[in-house]
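Engineer: So that we are looking at the same thing, I have put the structure below in structure tokens.
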Amino acid sequence: MSIEEIRDMPVTDFLHKLGEKPVRQRGNEVWYHAPYRSDKTPSFCVNTKKNIWNDFGAGMGGDIFTLAGLMINSSDFMAQARYIGEVTDNPIECSKPPVYEQVENEPLFTDVEVKSLNHPALLGYLRERGISSDIATAHCMEIHYRLHGKNYFAVGFPNESGGYEIRNKFFKGSIPPKAVSLISNGSTAVNVYEGFIDFLSGLTLGYGRKEDNLVLNSVANKEKAYKHLDGYDCINCWLDNDKAGQQCLEALKNQYGEKVKDLSFVFRPYNDVNEYLQQDSSEHQLSLTNKQQTNKTNLNL
């Protein structure tokens, strides 16, 4: 293939060759799990009309070349082109360096309004995940916005660059810019979480109320966290028990050595802190129900 032919290749065809299967399709939008990171909720969308992709969970996007670059962790254009050729069984012609235009992503979120978190549906969603309203309202906001011409609202968690991670029962994404979030309590120790739901879960369980807390908002942001982590004596990592989480942990260990403490054993065998919290809450509620039934039986006797 020539470079021009690669550029014209549908991103969906490339994903198919990578073994990625679409989760759903709506018009020109085809949704996948992100192929280069852990992605429980499908947040990777390909616009088949424009032949570009957007990762709402990580706050980035581009064309087939930028996708290939993420897959091989390389910004070298020719390395990206060669990788696409290898994956699709089509060797490329490299007679001269390509000239191409950068894909400009259109604004995704419009009419964004930030207010105090108090909507019953959002507080109810967080309670379903084991998080109390008091903890949620202390750290989160309520975000109203328009996306693809429709109005939505979600829980918003601010980052240090003015962006927000947003969640509701049906959507997981972010309003750029993408960055980390630091909650400082003046401590020399810091707890590191992948996402804000895990951070709120840790607080609910009683962890991190005296230490500082740093939320990556994506393992891809780990290098953005270094400027904060450099000043801590102890770095407690509450990262997911999956490949992406453990790779991030190893990167932090390589950077900070013995300062890094792996606390994923606390919530093992669950994947993350929130799964552990939900199970803990479920078992507590079952124990309470059994106790109430026993007391009722004793009273009847």
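So you can find residues: chains in the structure tokens are A, B, ... in the order shown, residues in each start at 1, and ligands are numbered from 1 in order.
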Where in region 205-242 of chain A does DSSP assign alpha helix (DSSP H), given as a list in words?

Structural biologist: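 Output for region 205-242 of chain A, alpha helix (DSSP H) only: Leu205, Lys222, Glu223, Lys224, Ala225, Tyr226, Lys227, His228 and Leu229 of chain A.
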
Engineer: Can you write out as a Markdown table which residues of region 170-214 of chain A fall within 10 Å of region 147-157 of chain A, alongside each residue's closest atom pair and its distance in Å to one decimal, counting only C-alpha atoms and ordering rows by chain and ascending residue number?

Structural biologist:
| residue | atom | partner | partner_atom | distance |
| --- | --- | --- | --- | --- |
| A:Phe170 | CA | A:Ala154 | CA | 9.4 |
| A:Phe171 | CA | A:Ala154 | CA | 8.2 |
| A:Lys172 | CA | A:Ala154 | CA | 9.1 |
| A:Gly173 | CA | A:Gly156 | CA | 9.9 |
| A:Ser174 | CA | A:Gly156 | CA | 8.6 |
| A:Ile175 | CA | A:Gly156 | CA | 9.1 |
| A:Ser181 | CA | A:Phe157 | CA | 8.5 |
| A:Gly195 | CA | A:Phe157 | CA | 9.6 |
| A:Phe196 | CA | A:Phe157 | CA | 7.0 |
| A:Ile197 | CA | A:Phe157 | CA | 9.3 |

Engineer: I'd like a table as a Markdown table: residues in region 117-140 of chain A with an atom no more than 9 Å from region 200-219 of chain A, each row giving the shortest atom pair and its distance in Å to one decimal, only C-alpha atoms counted, sorted by chain and rising residue number.

Structural biologist:
| residue | atom | partner | partner_atom | distance |
| --- | --- | --- | --- | --- |
| A:Arg129 | CA | A:Ser201 | CA | 8.4 |
| A:Gly130 | CA | A:Ser201 | CA | 7.3 |
| A:Ile131 | CA | A:Ser201 | CA | 6.2 |
| A:Ser132 | CA | A:Thr204 | CA | 7.2 |
| A:Ile135 | CA | A:Leu200 | CA | 6.9 |
| A:Ala136 | CA | A:Leu200 | CA | 7.0 |
| A:His139 | CA | A:Leu200 | CA | 8.2 |

Engineer: Keeping C-alpha atoms, export the residues of the selection given above as a PDB file, in the first residue's frame.

Structural biologist:
ATOM      1  CA  ARG A 129     -21.916   2.371  43.903  1.00  0.00           C
ATOM      2  CA  GLY A 130     -21.615   2.591  47.686  1.00  0.00           C
ATOM      3  CA  ILE A 131     -20.629   6.284  47.903  1.00  0.00           C
ATOM      4  CA  SER A 132     -22.393   8.554  50.387  1.00  0.00           C
ATOM      5  CA  ILE A 135     -18.485  12.523  50.435  1.00  0.00           C
ATOM      6  CA  ALA A 136     -19.706  13.011  46.857  1.00  0.00           C
ATOM      7  CA  HIS A 139     -15.531  16.628  46.011  1.00  0.00           C
TER       8      HIS A 139
END

Engineer: Give me the residues within 12 Å of Glu160 (chain A) as a compact mmCIF listing (two decimals) with N, CA, C and O atoms, in the first residue's frame, counting only C-alpha atoms and dropping any in the same chain fewer than 5 places off.

Structural biologist:
# COMPACT_ATOMS: atom_id res chain seq x y z
N GLU A 165 -13.83 15.01 34.73
CA GLU A 165 -14.25 13.64 34.47
C GLU A 165 -15.74 13.59 34.75
O GLU A 165 -16.20 14.13 35.77
N PRO A 176 -12.51 17.96 28.17
CA PRO A 176 -11.11 18.37 28.16
C PRO A 176 -10.92 19.80 28.70
O PRO A 176 -11.89 20.56 28.76
N PRO A 177 -9.66 20.08 29.11
CA PRO A 177 -8.45 19.28 28.93
C PRO A 177 -8.33 18.16 29.96
O PRO A 177 -8.85 18.26 31.07
N LYS A 178 -7.66 17.09 29.56
CA LYS A 178 -7.46 15.92 30.43
C LYS A 178 -6.24 16.18 31.32
O LYS A 178 -5.20 16.60 30.83
N ALA A 179 -6.39 15.94 32.62
CA ALA A 179 -5.28 16.17 33.55
C ALA A 179 -5.54 15.41 34.84
O ALA A 179 -6.61 14.81 35.03
N VAL A 180 -4.56 15.43 35.74
CA VAL A 180 -4.71 14.78 37.04
C VAL A 180 -5.42 15.72 37.99
O VAL A 180 -5.57 16.92 37.74
N SER A 181 -5.86 15.16 39.13
CA SER A 181 -6.51 15.94 40.19
C SER A 181 -5.76 15.70 41.50
O SER A 181 -5.55 14.55 41.88
N LEU A 182 -5.37 16.77 42.18
CA LEU A 182 -4.67 16.66 43.46
C LEU A 182 -5.52 17.26 44.56
O LEU A 182 -5.95 18.40 44.47
N ILE A 183 -5.77 16.45 45.60
CA ILE A 183 -6.50 16.89 46.78
C ILE A 183 -5.50 16.93 47.93
O ILE A 183 -5.07 15.89 48.42
N SER A 184 -5.11 18.13 48.31
CA SER A 184 -4.02 18.29 49.28
C SER A 184 -4.54 18.49 50.69
O SER A 184 -5.45 19.30 50.93
N LEU A 214 -4.10 11.84 45.03
CA LEU A 214 -3.90 12.21 43.63
C LEU A 214 -4.65 11.22 42.74
O LEU A 214 -4.45 10.02 42.85
N VAL A 215 -5.54 11.76 41.90
CA VAL A 215 -6.32 10.94 40.99
C VAL A 215 -5.77 11.13 39.58
O VAL A 215 -5.73 12.26 39.07
N LEU A 216 -5.34 10.04 38.95
CA LEU A 216 -4.74 10.12 37.62
C LEU A 216 -5.76 10.47 36.54
O LEU A 216 -5.44 11.10 35.55
N ASN A 217 -7.00 10.03 36.73
CA ASN A 217 -8.07 10.20 35.74
C ASN A 217 -7.77 9.46 34.44
O ASN A 217 -8.43 9.67 33.43
N LYS A 224 2.11 13.03 33.85
CA LYS A 224 1.65 14.35 34.29
C LYS A 224 1.62 14.44 35.82
O LYS A 224 1.59 15.53 36.37
N ALA A 225 1.64 13.29 36.47
CA ALA A 225 1.59 13.26 37.93
C ALA A 225 2.96 13.43 38.57
O ALA A 225 3.06 13.75 39.76
N HIS A 228 3.93 16.38 40.79
CA HIS A 228 3.34 16.38 42.13
C HIS A 228 3.99 15.32 43.02
O HIS A 228 4.30 15.57 44.18

Engineer: What does the structure give for the distance between CA of Asp111 (chain A) and CA of Tyr145 (chain A), in Å to one decimal?

Structural biologist: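 Going from CA of Asp111 (chain A) over to CA of Tyr145 (chain A), I get 5.3 Å.
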
Engineer: Based on the backbone DSSP call, show me all residues of region 183-284 of chain A assigned strand (DSSP E), as a PyMOL selection string.

Structural biologist: chain A and resi 183+189-193+212-215+234-238+260-262

Engineer: Now that the selection is made, can you save its residues with all heavy atoms as a compact mmCIF listing (two decimals), in the first residue's frame?

Structural biologist:
# COMPACT_ATOMS: atom_id res chain seq x y z
N ILE A 183 -5.77 16.45 45.60
CA ILE A 183 -6.50 16.89 46.78
C ILE A 183 -5.50 16.93 47.93
O ILE A 183 -5.07 15.89 48.42
CB ILE A 183 -7.68 15.96 47.11
CG1 ILE A 183 -8.65 15.91 45.93
CG2 ILE A 183 -8.41 16.43 48.37
CD1 ILE A 183 -8.35 14.85 44.91
N ALA A 189 2.57 12.11 52.66
CA ALA A 189 2.17 10.85 52.01
C ALA A 189 1.00 11.13 51.08
O ALA A 189 0.17 12.01 51.34
CB ALA A 189 1.78 9.81 53.05
N VAL A 190 0.93 10.39 49.99
CA VAL A 190 -0.13 10.60 49.01
C VAL A 190 -0.70 9.25 48.56
O VAL A 190 0.04 8.28 48.42
CB VAL A 190 0.38 11.40 47.79
CG1 VAL A 190 1.48 10.64 47.07
CG2 VAL A 190 -0.75 11.75 46.83
N ASN A 191 -2.00 9.20 48.40
CA ASN A 191 -2.68 8.02 47.84
C ASN A 191 -2.94 8.28 46.36
O ASN A 191 -3.45 9.34 45.99
CB ASN A 191 -4.00 7.78 48.55
CG ASN A 191 -3.82 7.43 50.01
OD1 ASN A 191 -3.26 6.40 50.35
ND2 ASN A 191 -4.28 8.30 50.90
N VAL A 192 -2.59 7.32 45.52
CA VAL A 192 -2.76 7.46 44.08
C VAL A 192 -3.86 6.52 43.60
O VAL A 192 -3.81 5.31 43.85
CB VAL A 192 -1.45 7.15 43.32
CG1 VAL A 192 -1.66 7.27 41.81
CG2 VAL A 192 -0.35 8.10 43.78
N TYR A 193 -4.86 7.07 42.93
CA TYR A 193 -5.97 6.31 42.37
C TYR A 193 -6.04 6.51 40.87
O TYR A 193 -5.65 7.57 40.36
CB TYR A 193 -7.30 6.77 42.98
CG TYR A 193 -7.44 6.54 44.46
CD1 TYR A 193 -7.08 7.53 45.37
CD2 TYR A 193 -7.96 5.35 44.97
CE1 TYR A 193 -7.21 7.34 46.74
CE2 TYR A 193 -8.11 5.15 46.33
CZ TYR A 193 -7.73 6.15 47.21
OH TYR A 193 -7.88 5.95 48.57
N ASP A 212 -2.64 13.24 51.48
CA ASP A 212 -3.02 13.85 50.22
C ASP A 212 -3.52 12.75 49.28
O ASP A 212 -3.21 11.56 49.48
CB ASP A 212 -1.82 14.56 49.58
CG ASP A 212 -1.43 15.82 50.33
OD1 ASP A 212 -2.07 16.12 51.36
OD2 ASP A 212 -0.48 16.49 49.89
N ASN A 213 -4.28 13.14 48.27
CA ASN A 213 -4.81 12.17 47.31
C ASN A 213 -4.62 12.70 45.89
O ASN A 213 -4.92 13.87 45.62
CB ASN A 213 -6.30 11.92 47.56
CG ASN A 213 -6.55 11.22 48.88
OD1 ASN A 213 -6.41 10.01 49.00
ND2 ASN A 213 -6.92 11.99 49.90
N LEU A 214 -4.10 11.84 45.03
CA LEU A 214 -3.90 12.21 43.63
C LEU A 214 -4.65 11.22 42.74
O LEU A 214 -4.45 10.02 42.85
CB LEU A 214 -2.41 12.22 43.27
CG LEU A 214 -2.10 12.79 41.89
CD1 LEU A 214 -0.84 13.63 41.92
CD2 LEU A 214 -1.96 11.67 40.85
N VAL A 215 -5.54 11.76 41.90
CA VAL A 215 -6.32 10.94 40.99
C VAL A 215 -5.77 11.13 39.58
O VAL A 215 -5.73 12.26 39.07
CB VAL A 215 -7.81 11.31 41.04
CG1 VAL A 215 -8.63 10.40 40.13
CG2 VAL A 215 -8.34 11.26 42.47
N CYS A 234 6.10 9.16 50.78
CA CYS A 234 5.41 7.86 50.66
C CYS A 234 4.31 7.98 49.61
O CYS A 234 3.50 8.91 49.66
CB CYS A 234 4.83 7.45 52.00
SG CYS A 234 3.99 5.84 51.99
N ILE A 235 4.30 7.04 48.65
CA ILE A 235 3.31 7.05 47.56
C ILE A 235 2.52 5.74 47.63
O ILE A 235 3.02 4.68 47.25
CB ILE A 235 4.01 7.19 46.19
CG1 ILE A 235 4.83 8.49 46.17
CG2 ILE A 235 2.99 7.17 45.07
CD1 ILE A 235 5.71 8.62 44.94
N ASN A 236 1.31 5.81 48.15
CA ASN A 236 0.44 4.64 48.31
C ASN A 236 -0.39 4.45 47.05
O ASN A 236 -1.21 5.32 46.70
CB ASN A 236 -0.48 4.82 49.52
CG ASN A 236 0.30 4.97 50.81
OD1 ASN A 236 1.27 4.26 51.05
ND2 ASN A 236 -0.12 5.92 51.64
N CYS A 237 -0.20 3.34 46.36
CA CYS A 237 -0.87 3.11 45.08
C CYS A 237 -2.07 2.18 45.23
O CYS A 237 -1.91 1.02 45.63
CB CYS A 237 0.12 2.53 44.06
SG CYS A 237 1.39 3.71 43.56
N TRP A 238 -3.24 2.71 44.88
CA TRP A 238 -4.49 1.94 44.90
C TRP A 238 -4.92 1.69 43.46
O TRP A 238 -6.05 1.97 43.07
CB TRP A 238 -5.57 2.71 45.65
CG TRP A 238 -5.21 3.02 47.08
CD1 TRP A 238 -4.42 4.04 47.53
CD2 TRP A 238 -5.61 2.30 48.24
NE1 TRP A 238 -4.32 4.01 48.89
CE2 TRP A 238 -5.05 2.95 49.36
CE3 TRP A 238 -6.41 1.16 48.44
CZ2 TRP A 238 -5.25 2.50 50.66
CZ3 TRP A 238 -6.62 0.72 49.73
CH2 TRP A 238 -6.04 1.39 50.83
N VAL A 260 7.23 3.86 46.75
CA VAL A 260 5.95 3.37 46.23
C VAL A 260 5.49 2.13 47.00
O VAL A 260 6.26 1.16 47.14
CB VAL A 260 6.06 3.04 44.73
CG1 VAL A 260 4.77 2.40 44.22
CG2 VAL A 260 6.39 4.31 43.95
N LYS A 261 4.27 2.17 47.50
CA LYS A 261 3.66 1.04 48.20
C LYS A 261 2.45 0.54 47.41
O LYS A 261 1.55 1.33 47.11
CB LYS A 261 3.22 1.44 49.62
CG LYS A 261 4.31 2.13 50.45
CD LYS A 261 5.49 1.23 50.71
CE LYS A 261 6.54 1.93 51.56
NZ LYS A 261 7.78 1.12 51.73
N ASP A 262 2.45 -0.73 47.08
CA ASP A 262 1.34 -1.33 46.34
C ASP A 262 0.28 -1.79 47.34
O ASP A 262 0.50 -2.73 48.10
CB ASP A 262 1.85 -2.51 45.51
CG ASP A 262 0.73 -3.20 44.74
OD1 ASP A 262 -0.38 -2.63 44.66
OD2 ASP A 262 0.98 -4.30 44.21
